[in-house]
Amino acid sequence: MDPRKMVFAFPSRSGRAGRLGAVSPPARHGAPARLAGLPLVLAAGLALASCGPAPVPQAINDPREAANREVHALNRSVDQALVRPISGLFGDGPPGPVSRGVSNFADNLDVPGDVVNGVLQGRIGPAAENTLRFTLNSTIGLLGIFDVAGALGVEGRSTDFGETLHVWGAGEGAYVELPLLGPSTERDVIGRAVDVVLNPMRFVLREPESTIATVAGVASNFGDRSRYSNTIDSVLYDSADSYAQSRLLYLQNRRFELGQVASDDTFVDPYEDPYAE
């Protein structure tokens with residue numbers, strides 16, 4: 001599981017809105033209106049794309065630090081009282097077959113959104129690879145429960161509308177900490193909102209499938225909290241200043257993800273999968 005998709009009250013390293021199942025699907029009657037606005041988004045993107053990628057940020061822009069720290073304290077309390085205890089029920093160590101299947105299923109529901117963002121970014125190759133990945137896992141992989149595509153070397157590329165805005169030339173803006181969702185930036189807040197309506201699966205799933213997707217997304221997020229508990233706990237509870245540490249890690253990893261820092265051997269990924277082979 002890619003920790004950049006993690007939500008709840010702990011650090012993530014992306015502006016992604018979180019799994020499809022982590023939020024309720026939009027009302028069915030509003031779907032056509034929302035989809036009708038997507039061509040306008042594309043047209044605006046094509047106009048902005050001529051400006052090129054956003055400039056590399058040179059410092060931390062946090063003009064609302066006092067308010068952000070209050071939100072961080074709330075998020076930390078929610079994690080301590082609710083998220084961490086529940087995630088502890090999933091146990092330590094690598095995920096079992098059931099947990100892995102749930103995570104794979106939830107991940108697969110996000111791939112169509114990756115395809116749309118890849119097209120909007122002009123990255124047709126990754127969009128095509130994500131399309132192939134979704135097709136393989138949704139069919140041979142039994143609705144994504146089994147990662148057949150990964151076994152065949154079709155890894156795909158996770159992305160989000162925050163990255164799309166970056167490709168179109170939008171700067172990251174000020175740092176923001178969101179209630180329950182954690183670290184973000186002004187650009188990625190917009191990205192989260194757009195990703196809510198950008199994934200075609202939100203308009204395809206009906207009951208009871210949409211409820212199953214919601215349950216799977218929430219369960220998988222708790223499983224991720226357990227899987228990365230050592231890293232998350234060290235940031236939230238062992239740091240002298242958990243807010244500053246969370247902010248630094250988020251911005252460092254997000255900028256690295258977007259290619260805004262030099263890629264060299266000195267970069268250490270704190271979210272590296274501890275159970276990767």
# chains A, B, ... in the order shown; residues from 1 in each chain; ligands from 1

call {"tool": "closest_atom_pairs", "arguments": {"of": "stretch 102-170 of chain A", "to": "stretch 245-257 of chain A", "cutoff": "12 Å", "atoms": "only C-alpha atoms", "output": "tab-separated table"}}
result
residue	atom	partner	partner_atom	distance
A:Arg157	CA	A:Glu257	CA	11.5
A:Ser158	CA	A:Glu257	CA	10.5
A:Thr159	CA	A:Glu257	CA	9.6
A:Asp160	CA	A:Glu257	CA	11.4
A:Gly162	CA	A:Arg254	CA	10.2
A:Glu163	CA	A:Glu257	CA	9.1
A:His166	CA	A:Arg255	CA	10.2

call {"tool": "write_last_selection", "arguments": {"atoms": "N, CA and C atoms", "output": "CSV table (one decimal), in the first residue's frame"}}
result
chain,number,residue,atom,x,y,z
A,157,ARG,N,0.9,4.2,-11.9
A,157,ARG,CA,1.5,5.4,-11.3
A,157,ARG,C,0.4,6.1,-10.6
A,158,SER,N,0.5,6.2,-9.3
A,158,SER,CA,-0.5,6.9,-8.5
A,158,SER,C,-0.3,8.4,-8.6
A,159,THR,N,-1.4,9.2,-8.8
A,159,THR,CA,-1.3,10.6,-9.0
A,159,THR,C,-2.6,11.2,-8.4
A,160,ASP,N,-2.8,12.5,-8.5
A,160,ASP,CA,-3.9,13.2,-8.0
A,160,ASP,C,-4.1,14.6,-8.7
A,162,GLY,N,-4.0,17.4,-7.3
A,162,GLY,CA,-3.0,18.4,-6.9
A,162,GLY,C,-1.7,18.4,-7.7
A,163,GLU,N,-1.3,17.2,-8.1
A,163,GLU,CA,-0.2,17.1,-9.1
A,163,GLU,C,-0.5,17.6,-10.4
A,166,HIS,N,0.0,21.2,-10.3
A,166,HIS,CA,1.4,21.5,-10.4
A,166,HIS,C,1.9,21.4,-11.8

call {"tool": "residues_around", "arguments": {"residues": "stretch 83-99 of chain A", "least_positions_apart": "3", "cutoff": "8 Å", "atoms": "only C-alpha atoms", "output": "PyMOL selection string"}}
result
chain A and resi 8-9+78-80+102-103+220+222-227+275

call {"tool": "write_last_selection", "arguments": {"atoms": "N, CA and C atoms", "output": "tab-separated table (two decimals), in the first residue's frame"}}
result
chain	number	residue	atom	x	y	z
A	8	PHE	N	-7.04	10.22	7.69
A	8	PHE	CA	-7.19	10.31	9.12
A	8	PHE	C	-6.15	11.27	9.70
A	9	ALA	N	-6.00	11.26	11.02
A	9	ALA	CA	-5.21	12.29	11.68
A	9	ALA	C	-3.76	11.88	11.85
A	78	VAL	N	-7.35	12.94	18.15
A	78	VAL	CA	-8.21	11.95	17.50
A	78	VAL	C	-7.43	10.68	17.21
A	79	ASP	N	-6.20	10.84	16.76
A	79	ASP	CA	-5.37	9.66	16.49
A	79	ASP	C	-5.12	8.87	17.77
A	80	GLN	N	-4.80	9.60	18.84
A	80	GLN	CA	-4.48	8.94	20.11
A	80	GLN	C	-5.69	8.25	20.71
A	102	VAL	N	-8.30	-6.60	0.96
A	102	VAL	CA	-9.11	-5.39	1.17
A	102	VAL	C	-8.38	-4.16	0.67
A	103	SER	N	-7.08	-4.08	0.99
A	103	SER	CA	-6.28	-2.93	0.54
A	103	SER	C	-6.19	-2.89	-0.98
A	220	SER	N	-9.21	-0.40	5.18
A	220	SER	CA	-7.85	-0.38	4.65
A	220	SER	C	-7.03	0.76	5.23
A	222	PHE	N	-7.35	2.05	8.26
A	222	PHE	CA	-6.94	1.63	9.60
A	222	PHE	C	-5.80	0.62	9.52
A	223	GLY	N	-5.86	-0.26	8.53
A	223	GLY	CA	-4.78	-1.22	8.35
A	223	GLY	C	-3.47	-0.54	8.02
A	224	ASP	N	-3.54	0.52	7.22
A	224	ASP	CA	-2.33	1.28	6.89
A	224	ASP	C	-1.75	1.96	8.12
A	225	ARG	N	-2.65	2.48	8.98
A	225	ARG	CA	-2.18	3.13	10.22
A	225	ARG	C	-1.40	2.13	11.08
A	226	SER	N	-1.87	0.89	11.10
A	226	SER	CA	-1.17	-0.15	11.86
A	226	SER	C	0.16	-0.51	11.20
A	227	ARG	N	0.14	-0.62	9.89
A	227	ARG	CA	1.33	-1.05	9.15
A	227	ARG	C	2.48	-0.07	9.29
A	275	TYR	N	7.87	-3.71	5.01
A	275	TYR	CA	7.71	-5.13	4.70
A	275	TYR	C	7.91	-5.41	3.22

call {"tool": "closest_residue", "arguments": {"among": "A:Pro179, A:Phe161, A:Thr139, A:Glu129", "to": "A:Ala193", "atoms": "only C-alpha atoms"}}
result
A:Phe161

call {"tool": "residues_around", "arguments": {"residues": "A:Val56", "least_positions_apart": "6", "cutoff": "10 Å", "atoms": "only C-alpha atoms", "output": "PyMOL selection string"}}
result
chain A and resi 171-172+255+258-261

call {"tool": "select_by_dssp", "arguments": {"residues": "stretch 152-225 of chain A", "states": "helix (DSSP H, G or I)", "output": "ChimeraX atom specification"}}
result
/A:161-167,186-198,200-203,209-225

call {"tool": "closest_residue", "arguments": {"among": "A:Ala66, A:Ala170, A:Val111, A:Ala106", "to": "A:Glu209", "atoms": "only C-alpha atoms"}}
result
A:Ala106

call {"tool": "select_by_dssp", "arguments": {"residues": "stretch 98-217 of chain A", "states": "strand (DSSP E)", "output": "ChimeraX atom specification"}}
result
/A:175-178,182-185

call {"tool": "closest_residue", "arguments": {"among": "A:Glu70, A:Leu82, A:Leu109, A:Val167", "to": "A:Arg202", "atoms": "only C-alpha atoms"}}
result
A:Leu109

call {"tool": "atom_distance", "arguments": {"atom1": "atom CA of A:Val148", "atom2": "atom CA of A:Asp107"}}
result
13.0 Å

call {"tool": "atom_distance", "arguments": {"atom1": "atom CA of A:Ser210", "atom2": "atom CA of A:Gly191"}}
result
22.3 Å

call {"tool": "residues_around", "arguments": {"residues": "A:His72", "least_positions_apart": "4", "cutoff": "7 Å", "atoms": "only C-alpha atoms", "output": "ChimeraX atom specification"}}
result
/A:68,76,177,243

call {"tool": "decode", "arguments": {"residues": "stretch 106-139 of chain A", "atoms": "C-alpha atoms", "output": "compact mmCIF listing (two decimals), in the first residue's frame"}}
result
# COMPACT_ATOMS: atom_id res chain seq x y z
CA ALA A 106 -9.70 -0.23 -2.24
CA ASP A 107 -6.62 0.75 -4.23
CA ASN A 108 -8.14 -0.54 -7.45
CA LEU A 109 -11.15 1.75 -7.09
CA ASP A 110 -8.81 4.76 -7.21
CA VAL A 111 -7.05 3.80 -10.44
CA PRO A 112 -9.64 5.32 -12.84
CA GLY A 113 -9.02 8.67 -11.14
CA ASP A 114 -5.29 8.17 -11.78
CA VAL A 115 -6.10 7.58 -15.45
CA VAL A 116 -8.11 10.82 -15.72
CA ASN A 117 -5.39 12.84 -13.98
CA GLY A 118 -2.73 11.26 -16.19
CA VAL A 119 -4.59 12.42 -19.28
CA LEU A 120 -5.07 15.92 -17.85
CA GLN A 121 -1.33 16.06 -17.14
CA GLY A 122 -0.53 15.04 -20.72
CA ARG A 123 1.15 11.86 -19.47
CA ILE A 124 -0.46 9.40 -21.84
CA GLY A 125 2.01 6.59 -21.14
CA PRO A 126 1.25 6.39 -17.39
CA ALA A 127 -2.47 6.84 -18.12
CA ALA A 128 -2.38 3.87 -20.50
CA GLU A 129 -0.45 1.78 -17.97
CA ASN A 130 -2.99 2.61 -15.26
CA THR A 131 -5.79 1.65 -17.64
CA LEU A 132 -4.16 -1.71 -18.26
CA ARG A 133 -3.59 -2.18 -14.53
CA PHE A 134 -7.24 -1.47 -13.73
CA THR A 135 -8.43 -3.82 -16.48
CA LEU A 136 -6.23 -6.71 -15.36
CA ASN A 137 -7.00 -6.37 -11.67
CA SER A 138 -10.74 -5.81 -12.19
CA THR A 139 -11.08 -8.94 -14.31
